[in-house]
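K.L.:
File final31.csv follows (CSV, C-alpha atoms):
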```
chain,number,residue,atom,x,y,z
A,16,MET,CA,-16.6,-9.0,-1.4
A,17,THR,CA,-16.8,-12.7,-0.6
A,18,ASP,CA,-15.9,-15.3,-3.1
A,19,SER,CA,-17.2,-18.7,-2.3
A,20,SER,CA,-14.1,-20.3,-3.8
A,21,SER,CA,-12.0,-18.8,-1.0
A,22,LEU,CA,-14.1,-19.9,2.0
A,23,THR,CA,-12.0,-22.8,3.1
A,24,TYR,CA,-12.1,-22.6,6.9
A,25,GLY,CA,-15.3,-23.2,8.8
A,26,PRO,CA,-17.2,-25.5,11.1
A,27,GLY,CA,-18.4,-27.5,8.2
A,28,ALA,CA,-15.1,-28.1,6.6
A,29,PRO,CA,-14.5,-31.7,5.7
A,30,ALA,CA,-12.3,-33.7,8.0
A,31,GLN,CA,-10.8,-35.9,5.2
A,32,PRO,CA,-7.6,-34.9,3.4
A,33,ARG,CA,-8.3,-32.3,0.7
A,34,SER,CA,-7.2,-32.7,-2.9
A,35,LEU,CA,-4.2,-31.0,-4.3
A,36,ARG,CA,-6.4,-28.6,-6.3
A,37,SER,CA,-8.3,-27.6,-3.1
A,38,ARG,CA,-5.0,-27.0,-1.2
A,39,LEU,CA,-3.7,-24.9,-4.0
A,40,GLY,CA,-6.9,-22.9,-4.1
A,41,THR,CA,-6.7,-22.2,-0.4
A,42,ALA,CA,-3.0,-21.1,-0.7
A,43,TYR,CA,-3.9,-18.9,-3.6
A,44,GLY,CA,-6.7,-17.4,-1.5
A,45,PHE,CA,-4.3,-16.2,1.1
A,46,LEU,CA,-1.7,-15.1,-1.4
A,47,GLY,CA,-4.3,-13.3,-3.5
A,48,SER,CA,-5.4,-11.0,-0.7
A,49,ALA,CA,-1.8,-10.4,0.4
A,50,PHE,CA,-0.8,-9.4,-3.1
A,51,VAL,CA,-3.8,-7.0,-3.3
A,52,VAL,CA,-2.5,-5.3,-0.2
A,53,ALA,CA,1.1,-5.4,-1.5
A,54,VAL,CA,0.1,-3.2,-4.5
A,55,ALA,CA,-0.2,-0.3,-2.0
A,56,TYR,CA,3.5,-0.7,-1.2
A,57,ILE,CA,4.7,-0.4,-4.8
A,58,ASP,CA,2.5,2.4,-6.1
A,59,PRO,CA,3.8,5.5,-8.1
A,60,GLY,CA,4.5,7.3,-4.9
A,61,ASN,CA,7.2,4.7,-4.2
A,62,PHE,CA,8.7,5.4,-7.6
A,63,ALA,CA,8.8,9.1,-6.8
A,64,THR,CA,10.3,8.9,-3.3
A,65,ASN,CA,12.6,5.9,-3.8
A,66,MET,CA,14.0,7.0,-7.2
A,67,THR,CA,14.4,10.6,-5.9
A,68,GLY,CA,16.2,9.2,-2.8
A,69,GLY,CA,18.6,7.2,-4.9
A,70,ALA,CA,19.3,9.9,-7.4
A,71,ARG,CA,20.0,12.6,-4.7
A,72,TYR,CA,21.6,10.6,-1.9
A,73,GLY,CA,22.8,7.4,-3.5
A,74,TYR,CA,22.3,4.4,-1.2
A,75,LEU,CA,22.0,6.6,2.0
A,76,LEU,CA,18.3,6.0,2.5
A,77,LEU,CA,18.2,2.3,1.7
A,78,TRP,CA,17.8,1.5,5.4
A,79,VAL,CA,14.5,3.4,5.4
A,80,ILE,CA,13.1,1.0,2.8
A,81,ALA,CA,14.4,-2.0,4.8
A,82,SER,CA,13.0,-0.7,8.1
A,83,ALA,CA,9.7,0.4,6.6
A,84,SER,CA,9.2,-3.0,4.8
A,85,ALA,CA,9.8,-4.9,8.1
A,86,ALA,CA,7.3,-2.6,9.8
A,87,ALA,CA,4.8,-3.2,7.0
A,88,VAL,CA,4.8,-6.9,7.5
A,89,PHE,CA,4.1,-6.5,11.2
A,90,VAL,CA,1.4,-3.9,10.7
A,91,GLN,CA,-0.4,-5.9,7.9
A,92,TYR,CA,-0.2,-9.0,10.1
A,93,LEU,CA,-2.0,-7.1,12.9
A,94,ALA,CA,-4.7,-5.9,10.4
A,95,ALA,CA,-5.2,-9.4,9.0
A,96,LYS,CA,-5.4,-10.8,12.5
A,97,LEU,CA,-8.1,-8.2,13.5
A,98,GLY,CA,-10.3,-9.3,10.6
A,99,ILE,CA,-9.8,-13.0,11.3
A,100,ALA,CA,-10.4,-12.6,15.0
A,101,THR,CA,-13.5,-10.3,14.9
A,102,GLY,CA,-15.1,-10.7,11.6
A,103,ARG,CA,-15.1,-6.9,11.4
A,104,SER,CA,-12.9,-4.4,9.5
A,105,LEU,CA,-11.0,-1.8,11.4
A,106,PRO,CA,-13.4,1.0,10.3
A,107,GLU,CA,-16.4,-1.1,11.4
A,108,LEU,CA,-14.8,-1.6,14.9
A,109,CYS,CA,-14.1,2.1,15.2
A,110,ARG,CA,-17.8,2.9,14.4
A,111,GLU,CA,-19.0,0.2,16.9
A,112,HIS,CA,-16.7,1.1,19.9
A,113,TYR,CA,-15.9,4.9,19.6
A,114,PRO,CA,-18.1,7.9,20.1
A,115,ARG,CA,-19.6,9.4,17.0
A,116,PRO,CA,-17.3,12.5,17.0
A,117,VAL,CA,-14.2,10.3,17.1
A,118,THR,CA,-15.6,8.0,14.4
A,119,TYR,CA,-16.4,11.0,12.1
A,120,GLY,CA,-12.9,12.5,12.8
A,121,LEU,CA,-11.2,9.2,11.9
A,122,TRP,CA,-13.4,8.9,8.8
A,123,ILE,CA,-12.5,12.4,7.6
A,124,GLN,CA,-8.7,11.8,8.0
A,125,ALA,CA,-9.1,8.4,6.3
A,126,GLU,CA,-10.7,10.0,3.3
A,127,LEU,CA,-7.9,12.6,3.1
A,128,VAL,CA,-5.4,9.8,3.2
A,129,SER,CA,-7.4,8.0,0.4
A,130,MET,CA,-7.3,11.2,-1.7
A,131,ALA,CA,-3.5,11.5,-1.2
A,132,THR,CA,-3.3,7.8,-2.3
A,133,ASP,CA,-5.4,8.5,-5.4
A,134,LEU,CA,-3.2,11.5,-6.2
A,135,ALA,CA,-0.1,9.4,-6.3
A,136,GLU,CA,-1.7,6.6,-8.4
A,137,PHE,CA,-3.4,8.8,-11.0
A,138,VAL,CA,-0.5,11.2,-11.4
A,139,GLY,CA,1.9,8.3,-11.7
A,140,ALA,CA,-0.1,6.4,-14.3
A,141,ALA,CA,-0.7,9.6,-16.3
A,142,VAL,CA,3.0,10.3,-16.4
A,143,ALA,CA,3.7,6.8,-17.6
A,144,LEU,CA,1.2,7.2,-20.5
A,145,ASN,CA,2.8,10.5,-21.3
A,146,LEU,CA,6.2,9.0,-21.4
A,147,LEU,CA,5.1,5.9,-23.4
A,148,PHE,CA,2.7,7.4,-25.9
A,149,GLY,CA,2.9,11.2,-25.5
A,150,VAL,CA,-0.6,11.4,-24.2
A,151,PRO,CA,-1.2,14.8,-22.3
A,152,LEU,CA,-1.4,14.4,-18.6
A,153,LEU,CA,-5.1,15.2,-18.2
A,154,PRO,CA,-6.4,12.8,-20.8
A,155,ALA,CA,-3.9,10.2,-19.5
A,156,ALA,CA,-5.5,10.5,-16.0
A,157,LEU,CA,-8.9,9.9,-17.5
A,158,ILE,CA,-7.7,6.8,-19.3
A,159,THR,CA,-6.2,5.5,-16.1
A,160,ALA,CA,-9.6,6.1,-14.3
A,161,ALA,CA,-11.4,4.1,-17.0
A,162,VAL,CA,-9.1,1.2,-17.0
A,163,SER,CA,-8.9,0.9,-13.2
A,164,LEU,CA,-12.7,1.1,-13.0
A,165,VAL,CA,-13.0,-1.9,-15.4
A,166,ILE,CA,-10.6,-3.9,-13.3
A,167,LEU,CA,-12.4,-2.8,-10.1
A,168,THR,CA,-15.7,-4.2,-11.3
A,169,LEU,CA,-14.2,-7.7,-10.9
A,170,ALA,CA,-13.6,-7.2,-7.2
A,171,PRO,CA,-17.0,-7.7,-5.4
A,172,LEU,CA,-18.3,-10.8,-7.3
A,173,ARG,CA,-15.2,-12.2,-9.0
A,174,ARG,CA,-12.5,-11.5,-6.4
A,175,ARG,CA,-10.2,-14.3,-7.6
A,176,ARG,CA,-10.1,-12.8,-11.1
A,177,PHE,CA,-9.5,-9.4,-9.6
A,178,GLU,CA,-6.6,-10.8,-7.6
A,179,THR,CA,-5.2,-12.5,-10.7
A,180,VAL,CA,-5.2,-9.3,-12.6
A,181,ILE,CA,-3.5,-7.5,-9.8
A,182,LEU,CA,-0.9,-10.3,-9.5
A,183,ALA,CA,-0.1,-10.0,-13.2
A,184,LEU,CA,0.4,-6.3,-12.9
A,185,ILE,CA,2.8,-6.8,-9.9
A,186,LEU,CA,4.7,-9.4,-11.9
A,187,LEU,CA,5.1,-6.8,-14.7
A,188,VAL,CA,6.4,-4.2,-12.2
A,189,SER,CA,8.8,-6.9,-10.9
A,190,ALA,CA,10.1,-7.8,-14.4
A,191,GLY,CA,10.6,-4.1,-15.2
A,192,PHE,CA,12.8,-3.5,-12.3
A,193,ALA,CA,14.6,-6.8,-12.5
A,194,TYR,CA,15.7,-5.8,-16.0
A,195,GLN,CA,16.7,-2.3,-14.8
A,196,VAL,CA,18.9,-3.8,-12.0
A,197,PHE,CA,20.4,-6.2,-14.5
A,198,ARG,CA,21.3,-3.3,-16.8
A,199,SER,CA,22.7,-1.1,-14.1
A,200,GLY,CA,25.1,-3.7,-12.8
A,201,PRO,CA,25.8,-5.1,-9.3
A,202,PRO,CA,25.3,-2.5,-6.5
A,203,ALA,CA,28.7,-2.9,-4.9
A,204,ALA,CA,28.2,-0.1,-2.4
A,205,ALA,CA,24.6,-0.7,-1.5
A,206,GLY,CA,25.5,-2.3,1.9
A,207,ALA,CA,26.5,1.1,3.3
A,208,GLY,CA,23.0,2.3,2.8
A,209,LEU,CA,21.7,-0.1,5.5
A,210,ILE,CA,23.4,2.0,8.2
A,211,PRO,CA,20.8,4.6,9.5
A,212,GLY,CA,21.7,8.2,8.8
A,213,PHE,CA,20.4,11.4,7.2
A,214,ALA,CA,22.0,14.3,5.2
A,215,GLY,CA,19.9,17.3,6.3
A,216,THR,CA,16.3,18.3,6.4
A,217,ASP,CA,15.6,17.5,2.8
A,218,SER,CA,16.7,13.9,3.3
A,219,ILE,CA,14.4,13.7,6.4
A,220,LEU,CA,11.5,14.9,4.3
A,221,LEU,CA,12.2,12.3,1.7
A,222,ALA,CA,12.6,9.6,4.3
A,223,THR,CA,9.2,10.5,5.7
A,224,GLY,CA,7.8,10.3,2.2
A,225,MET,CA,9.4,6.9,1.7
A,226,LEU,CA,7.9,5.7,5.0
A,227,GLY,CA,4.5,7.0,4.0
A,228,ALA,CA,4.9,5.3,0.6
A,229,THR,CA,5.8,2.0,2.3
A,230,VAL,CA,3.5,1.7,5.3
A,231,MET,CA,0.1,2.7,3.8
A,232,PRO,CA,-2.9,3.6,6.0
A,233,HIS,CA,-5.5,2.5,3.4
A,234,ALA,CA,-3.8,-0.9,3.2
A,235,ILE,CA,-4.4,-1.4,6.9
A,236,TYR,CA,-8.1,-0.7,6.5
A,237,LEU,CA,-8.4,-2.9,3.4
A,238,HIS,CA,-6.6,-5.9,4.8
A,239,SER,CA,-8.8,-6.0,7.9
A,240,ALA,CA,-11.7,-6.3,5.6
A,241,LEU,CA,-10.2,-8.9,3.2
A,242,THR,CA,-9.7,-11.4,6.0
A,243,GLN,CA,-13.2,-11.2,7.5
A,244,GLU,CA,-14.2,-14.2,5.5
A,245,TYR,CA,-11.9,-16.4,7.7
A,246,HIS,CA,-13.7,-15.6,10.9
A,247,ARG,CA,-15.4,-18.9,11.4
A,248,GLY,CA,-15.0,-22.1,13.2
A,249,SER,CA,-12.8,-22.9,16.2
A,250,THR,CA,-9.8,-21.0,17.5
A,251,ALA,CA,-7.6,-23.7,15.9
A,252,THR,CA,-9.0,-23.1,12.4
A,253,ARG,CA,-8.6,-19.3,12.8
A,254,ARG,CA,-5.0,-19.7,14.0
A,255,LYS,CA,-4.4,-21.9,11.0
A,256,ALA,CA,-5.8,-19.3,8.7
A,257,LEU,CA,-3.7,-16.6,10.5
A,258,ARG,CA,-0.5,-18.7,9.9
A,259,SER,CA,-1.3,-19.1,6.3
A,260,MET,CA,-2.0,-15.4,6.0
A,261,LEU,CA,1.3,-14.6,7.5
A,262,LYS,CA,3.1,-16.8,5.0
A,263,GLY,CA,1.3,-15.0,2.2
A,264,LEU,CA,2.2,-11.6,3.6
A,265,VAL,CA,5.9,-12.4,3.9
A,266,CYS,CA,5.9,-13.6,0.3
A,267,ALA,CA,3.9,-10.7,-1.1
A,268,LEU,CA,5.5,-7.9,0.9
A,269,GLY,CA,8.9,-9.5,0.5
A,270,ILE,CA,8.6,-9.0,-3.2
A,271,ALA,CA,7.3,-5.5,-2.7
A,272,ALA,CA,10.4,-4.8,-0.5
A,273,VAL,CA,12.7,-6.0,-3.2
A,274,ILE,CA,11.0,-3.9,-5.8
A,275,ASN,CA,11.3,-0.8,-3.6
A,276,ALA,CA,14.9,-1.4,-2.9
A,277,SER,CA,15.5,-1.9,-6.7
A,278,MET,CA,14.0,1.5,-7.4
A,279,LEU,CA,16.5,3.2,-5.1
A,280,ILE,CA,19.4,1.0,-6.2
A,281,VAL,CA,18.8,1.7,-9.9
A,282,ALA,CA,18.6,5.4,-9.4
A,283,ALA,CA,21.7,5.4,-7.1
A,284,ALA,CA,23.7,3.3,-9.6
A,285,SER,CA,22.8,5.2,-12.7
A,286,LEU,CA,21.8,8.8,-11.8
A,287,HIS,CA,23.5,9.7,-8.5
A,288,GLY,CA,26.6,11.9,-9.0
A,289,THR,CA,25.8,12.7,-12.6
A,290,ALA,CA,25.0,16.0,-14.1
A,291,LEU,CA,21.7,14.6,-15.5
A,292,PRO,CA,18.5,16.2,-14.0
A,293,HIS,CA,16.5,14.0,-11.7
A,294,GLU,CA,13.8,16.2,-10.3
A,295,SER,CA,10.9,14.5,-12.0
A,296,LEU,CA,9.8,11.1,-13.1
A,297,GLY,CA,10.3,12.3,-16.7
A,298,ASP,CA,13.9,13.3,-15.9
A,299,MET,CA,14.5,9.9,-14.4
A,300,HIS,CA,13.0,8.2,-17.5
A,301,SER,CA,15.2,10.2,-19.8
A,302,GLY,CA,18.2,9.8,-17.5
A,303,LEU,CA,17.9,6.0,-17.5
A,304,GLY,CA,17.5,6.1,-21.2
A,305,GLU,CA,20.7,8.1,-21.6
A,306,VAL,CA,22.8,6.1,-19.2
A,307,LEU,CA,21.4,2.6,-19.6
A,308,GLY,CA,19.7,2.7,-23.0
A,309,SER,CA,16.2,3.2,-24.4
A,310,ASP,CA,15.1,-0.3,-23.5
A,311,THR,CA,15.8,0.4,-19.8
A,312,ALA,CA,13.7,3.6,-20.0
A,313,LEU,CA,10.9,1.6,-21.6
A,314,ALA,CA,11.0,-1.0,-18.8
A,315,PHE,CA,10.8,1.9,-16.3
A,316,ALA,CA,7.8,3.5,-18.0
A,317,LEU,CA,5.9,0.1,-18.3
A,318,ALA,CA,6.5,-0.7,-14.7
A,319,LEU,CA,5.2,2.8,-13.7
A,320,LEU,CA,2.1,2.3,-15.8
A,321,ALA,CA,1.3,-1.2,-14.4
A,322,SER,CA,1.8,0.2,-10.8
A,323,GLY,CA,-0.5,3.1,-11.4
A,324,ILE,CA,-3.3,1.1,-12.9
A,325,ALA,CA,-3.1,-1.6,-10.2
A,326,SER,CA,-2.8,0.7,-7.3
A,327,SER,CA,-5.6,3.0,-8.5
A,328,SER,CA,-8.0,0.0,-8.6
A,329,VAL,CA,-6.9,-1.2,-5.1
A,330,GLY,CA,-7.1,2.4,-3.7
A,331,THR,CA,-10.8,2.8,-4.7
A,332,TYR,CA,-11.5,-0.7,-3.3
A,333,ALA,CA,-10.0,0.5,0.0
A,334,GLY,CA,-12.1,3.7,-0.2
A,335,GLN,CA,-15.3,1.6,-0.3
A,336,VAL,CA,-14.1,-0.2,2.8
A,337,ILE,CA,-13.5,3.1,4.6
A,338,LEU,CA,-16.8,4.6,3.7
A,339,SER,CA,-18.9,1.5,4.4
A,340,GLY,CA,-17.0,0.8,7.6
A,341,PHE,CA,-17.1,4.2,9.3
A,342,LEU,CA,-20.5,5.4,8.0
A,343,ARG,CA,-22.3,2.1,7.2
A,344,THR,CA,-23.1,3.3,3.7
A,345,GLN,CA,-21.8,2.8,0.2
A,346,ILE,CA,-21.9,4.7,-3.0
A,347,PRO,CA,-21.6,3.4,-6.6
A,348,LEU,CA,-18.1,2.7,-7.7
A,349,LEU,CA,-18.5,5.1,-10.6
A,350,LEU,CA,-19.4,7.9,-8.3
A,351,ARG,CA,-16.6,7.0,-5.9
A,352,ARG,CA,-14.1,7.0,-8.8
A,353,LEU,CA,-15.4,10.4,-10.0
A,354,LEU,CA,-15.0,11.9,-6.5
A,355,THR,CA,-11.5,10.6,-6.1
A,356,MET,CA,-10.5,11.8,-9.5
A,357,ALA,CA,-11.1,15.4,-8.6
A,358,PRO,CA,-7.9,16.2,-6.6
A,359,PRO,CA,-5.4,14.6,-9.0
A,360,LEU,CA,-7.1,16.2,-12.0
A,361,ALA,CA,-7.0,19.6,-10.3
A,362,ILE,CA,-3.3,19.1,-9.5
A,363,LEU,CA,-2.6,18.3,-13.2
A,364,ALA,CA,-4.8,21.1,-14.4
A,365,VAL,CA,-2.9,23.8,-12.5
A,366,GLY,CA,0.4,22.6,-13.8
A,367,THR,CA,1.9,21.4,-10.5
A,368,ASP,CA,5.1,19.4,-10.9
A,369,PRO,CA,3.8,15.7,-10.8
A,370,THR,CA,6.9,14.3,-9.0
A,371,ARG,CA,6.7,17.0,-6.3
A,372,ALA,CA,3.0,16.3,-5.9
A,373,LEU,CA,3.8,12.6,-5.6
A,374,ILE,CA,6.3,13.1,-2.8
A,375,ILE,CA,4.1,15.5,-0.8
A,376,SER,CA,1.2,13.0,-1.1
A,377,GLN,CA,3.4,10.3,0.5
A,378,VAL,CA,4.2,12.7,3.4
A,379,VAL,CA,0.5,13.2,3.9
A,380,LEU,CA,0.1,9.4,4.0
A,381,SER,CA,2.9,9.2,6.6
A,382,PHE,CA,0.9,11.6,8.8
A,383,GLY,CA,-2.1,9.3,8.5
A,384,ILE,CA,-0.4,6.1,9.6
A,385,PRO,CA,-0.8,6.7,13.4
A,386,PHE,CA,-4.6,7.3,13.0
A,387,ALA,CA,-4.9,3.8,11.6
A,388,LEU,CA,-2.2,2.1,13.5
A,389,ILE,CA,-3.1,3.3,17.1
A,390,PRO,CA,-6.7,2.0,16.9
A,391,LEU,CA,-5.4,-1.2,15.4
A,392,VAL,CA,-3.1,-1.8,18.3
A,393,LEU,CA,-5.7,-0.8,20.9
A,394,PHE,CA,-8.3,-3.1,19.6
A,395,GLY,CA,-5.8,-5.9,19.3
A,396,ARG,CA,-5.1,-5.8,23.0
A,397,ARG,CA,-8.8,-6.1,24.0
A,398,SER,CA,-9.9,-9.6,24.9
A,399,ASP,CA,-13.6,-8.5,24.6
A,400,VAL,CA,-12.9,-7.7,20.9
A,401,MET,CA,-10.3,-10.3,19.9
A,402,GLY,CA,-11.4,-13.2,22.1
A,403,SER,CA,-8.8,-16.0,22.0
A,404,LEU,CA,-6.7,-14.2,19.5
A,405,THR,CA,-5.9,-11.2,21.7
A,406,ASN,CA,-2.4,-9.9,21.1
A,407,ARG,CA,0.3,-10.5,23.6
A,408,ARG,CA,1.8,-7.7,25.6
A,409,LEU,CA,5.0,-7.8,23.5
A,410,THR,CA,3.0,-7.5,20.3
A,411,THR,CA,1.1,-4.5,21.8
A,412,ALA,CA,4.3,-2.9,23.0
A,413,THR,CA,5.9,-3.3,19.6
A,414,GLY,CA,2.9,-1.8,17.9
A,415,MET,CA,3.0,1.2,20.2
A,416,VAL,CA,6.7,1.7,19.6
A,417,VAL,CA,6.1,1.7,15.8
A,418,SER,CA,3.3,4.2,16.2
A,419,LEU,CA,5.4,6.4,18.4
A,420,ALA,CA,8.4,6.3,16.1
A,421,ILE,CA,6.3,7.3,13.1
A,422,SER,CA,4.5,10.1,15.1
A,423,CYS,CA,7.8,11.5,16.4
A,424,LEU,CA,9.3,11.5,12.9
A,425,ASN,CA,6.3,13.4,11.6
A,426,VAL,CA,6.4,15.9,14.4
A,427,PHE,CA,10.2,16.5,13.8
A,428,LEU,CA,9.6,16.9,10.1
A,429,LEU,CA,6.8,19.5,10.7
A,430,HIS,CA,9.1,21.4,13.1
A,431,GLN,CA,11.9,21.5,10.6
A,432,LEU,CA,9.6,22.6,7.8
A,433,LEU,CA,8.1,25.4,9.9
A,434,SER,CA,11.5,26.5,11.1
A,435,ALA,CA,12.8,26.7,7.5
```
Taking this structure as input, can you express it in the form of C-alpha cells?
P.N.:
Amino acid sequence: MTDSSSLTYGPGAPAQPRSLRSRLGTAYGFLGSAFVVAVAYIDPGNFATNMTGGARYGYLLLWVIASASAAAVFVQYLAAKLGIATGRSLPELCREHYPRPVTYGLWIQAELVSMATDLAEFVGAAVALNLLFGVPLLPAALITAAVSLVILTLAPLRRRRFETVILALILLVSAGFAYQVFRSGPPAAAGAGLIPGFAGTDSILLATGMLGATVMPHAIYLHSALTQEYHRGSTATRRKALRSMLKGLVCALGIAAVINASMLIVAAASLHGTALPHESLGDMHSGLGEVLGSDTALAFALALLASGIASSSVGTYAGQVILSGFLRTQIPLLLRRLLTMAPPLAILAVGTDPTRALIISQVVLSFGIPFALIPLVLFGRRSDVMGSLTNRRLTTATGMVVSLAISCLNVFLLHQLLSA
C-alpha cells in the first residue's frame, strides 16, 4: 500500500528547504488519504438516512449530522495518530495484544460491519444505475462490482492515482448536491434543526442510522493503516505529520459534513410536508424531479452513482486491511469482491426494499462503532504502545464519552424496537 511518492518524513529527509512541487506533493499525500477515508462518510447509506430524515422530519435531525461529523473528525484523528505513532493498524495491534478468542471475535464483527457497508454501497449504486439508465438492480450491482474492482486495482501500487480517482468522484458528489441546494432555495428554517430533539421511536431509529452512516467503523480500521507510512524519524517529524494529517482531515471531513447536511436540507426543503411519496431513493428521485425539475433529479442520481462506486472501492480496500490485520493473511481482491457481493446480491434477489435495506445496514454499522472505537481509545492511552505520542487523559476521556454515548443510544434503540 506504500507509494514512494508519499514518503516525505523520515530520518533521511533533506534538511534544506524543499521545492514547491515537493511541498505540494506532501500536502496532497495527507489530503489524499483523508479523502479516501471521507468517502465512507458520504456513501449511499448517507443518502438513504439523511434524505429520509429530511423528507420525514424536516430539519429536526440536522443536529445529528452536525454532532456525528464533529465526532468523526475526532475519531479519525485518533485512528491516524495510532498509525503514525505505532506503525501498525488497529487490527494488527488487536492481534498482537489481545487473546486469540478476543481477536477472532473482533474480526468476525468487523467482517459483519464490512458486509453491512458493502450492502449500502452496492445497493445504492445499483439504484442509481436503475434510475439513470433503467438497468435492473441485479445487473446494475454486477456493473458496480466490475467498475469498483478496476478502480481498486490502482490502490496497492499506484495509490496516488487511486486517491485522485476517489477525489474526482467526491467532487462529482459535491457538485451534484451544490446544484440541488441551489435549486431548492435558501434553507431559512434549517437553524432550528441544530437544537437536539426527537419525534418518537422512528426518529431515534433514523438518527441511529445517520450516526452509523457518519461515524464508520471500517474507516477507523482503514485510516490507521493508511498512516503507517509516516511512522519514521523523530518524535518531532511524527508530530509534524500528525498536524498535517489533522488539517487534511478537517478539510476532507468538513466537505463530507457539508454534503451530508445538504442531503437532509434538500429533502426537507423540497419533500417534507408534501403528499409525494418518499419511502425509497426512487421516490426521492422522482419527487425531486417533480418539485425541482428533471435536471435536479439527474444531479441526484449522478451523485448517488459516484458515491456508490467510490465507496464500494474503499470498502473493499478496508476489508483487506481488516483481514490482513486480524488474521495476518490476505486473499485476492477478486475473491474478496466476490465474497462481499453475496449479501447485497441476495438482498436484491429476494426483492427487499433497497432504501429500507440501506437504513438497516447503517444501524448495523452504528452497533459496530464501539467495537472499533473502544480498542482505539484503549491503545491510545498506553505509553508502551504509543510511546511519545500517548494520548492525554482528556483525549482518552473524550473518546470514552463518545463510545459510551453511542453504546447507550444503541441499547436504547434495541430496547425500543423489542418493546414495539
K.L.:
Quick one: pull the distance between CA of Arg198 in chain A and CA of Ile181 in chain A, Å, one decimal.
P.N.:
26.1 Å
K.L.:
Just the residues within 12 Å of Ile346 in chain A, please, counting only C-alpha atoms, with nothing from its chain fewer than 2 positions along; format it as a list of chain:residue names.
P.N.:
A:Thr331, A:Tyr332, A:Gly334, A:Gln335, A:Val336, A:Ile337, A:Leu338, A:Ser339, A:Leu342, A:Arg343, A:Thr344, A:Leu348, A:Leu349, A:Leu350, A:Arg351, A:Arg352, A:Leu353, A:Leu354
K.L.:
Find, counting only C-alpha atoms, the residue in A:Ala87, A:Leu226, A:Cys109, A:Leu264 that gets nearest to Val51 in chain A.
P.N.:
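Using only C-alpha atoms, the shortest distance to Val51 in chain A belongs to A:Leu264.
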K.L.:
Identify, on the basis of all atoms listed in the file, every residue whose closest approach to Pro358 in chain A does not exceed 10 Å; exclude the query and any residue fewer than 6 positions from it along the same chain; express the result as a VMD selection string.
P.N.:
chain A and resid 130 to 131 133 to 134 137 364
K.L.:
Of the candidates A:Thr370, A:Ser301, A:Gln431, A:Ser327, which shows the shortest atom-to-atom distance to Leu167 in chain A, using all atoms listed in the file?
P.N.:
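Of A:Thr370, A:Ser301, A:Gln431, A:Ser327, the one nearest Leu167 in chain A, counting all atoms listed in the file, is A:Ser327.
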K.L.:
Taking into account all atoms listed in the file, which residue in the set A:Phe45, A:Phe315, A:Phe386, A:Tyr236 is nearest to Gly191 in chain A?
P.N.:
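When distances to Gly191 in chain A are compared using all atoms listed in the file, the smallest one comes from A:Phe315.
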K.L.:
Of the candidates A:Ala214, A:Met225, A:Leu152, A:Ile389, which one gets nearest to Asp368 in chain A if we count all atoms listed in the file?
P.N.:
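The closest residue to Asp368 in chain A is A:Leu152.
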K.L.:
Near Arg71 in chain A, within 8 Å and counting only C-alpha atoms, which residues show up once chain neighbours fewer than 6 positions away are dropped, as a tab-separated table (two decimals) with C-alpha atoms, in the coordinates of the input?
P.N.:
```tsv
chain	number	residue	atom	x	y	z
A	283	ALA	CA	21.70	5.40	-7.10
A	287	HIS	CA	23.50	9.70	-8.50
A	288	GLY	CA	26.60	11.90	-9.00
A	293	HIS	CA	16.50	14.00	-11.70
```
K.L.:
A:Ser163, A:Thr311, A:Ser82, A:Ser322: which is nearest Val417 in chain A, counting all atoms listed in the file?
P.N.:
A:Ser82
K.L.:
Need to verify the contact set: Gly212 in chain A, 12 Å, all atoms listed in the file, exclusion of same-chain residues closer than 4 positions in sequence. Can you return it as a PyMOL selection string?
P.N.:
chain A and resi 72+74-79+207-208+216+218-219+222
K.L.:
Would you work out the distance separating CA of Ser249 in chain A from CA of Ala86 in chain A, expressed in Å to one decimal?
P.N.:
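Those two atoms sit 29.3 Å apart.
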K.L.:
Using Å and a single decimal, report how far CA of Leu380 in chain A sits from CA of Phe394 in chain A.
P.N.:
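For CA of Phe394 in chain A relative to CA of Leu380 in chain A, the distance reads 21.7 Å.
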K.L.:
Kindly provide, as a ChimeraX atom specification, the polymer residues lying within 12 Å of (13.4, 12.9, -15.0), counting all atoms listed in the file and using the coordinates exactly as they appear in the file.
P.N.:
/A:62-63,66-67,70,142-143,146,282,286,291-305,312,315-316,368-371
K.L.:
For a quick check of understanding, using only C-alpha atoms, which of A:Ala49, A:Ile235, A:Ala357, A:Ile210 has the smallest distance to Leu97 in chain A?
P.N.:
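Among the listed residues, A:Ile235 lies closest to Leu97 in chain A.
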K.L.:
Show me, as a PyMOL selection string, the residues that have an atom within 7 Å of Ala321 in chain A when counting all atoms listed in the file, minus same-chain residues fewer than 6 positions from it.
P.N.:
chain A and resi 184+187-188
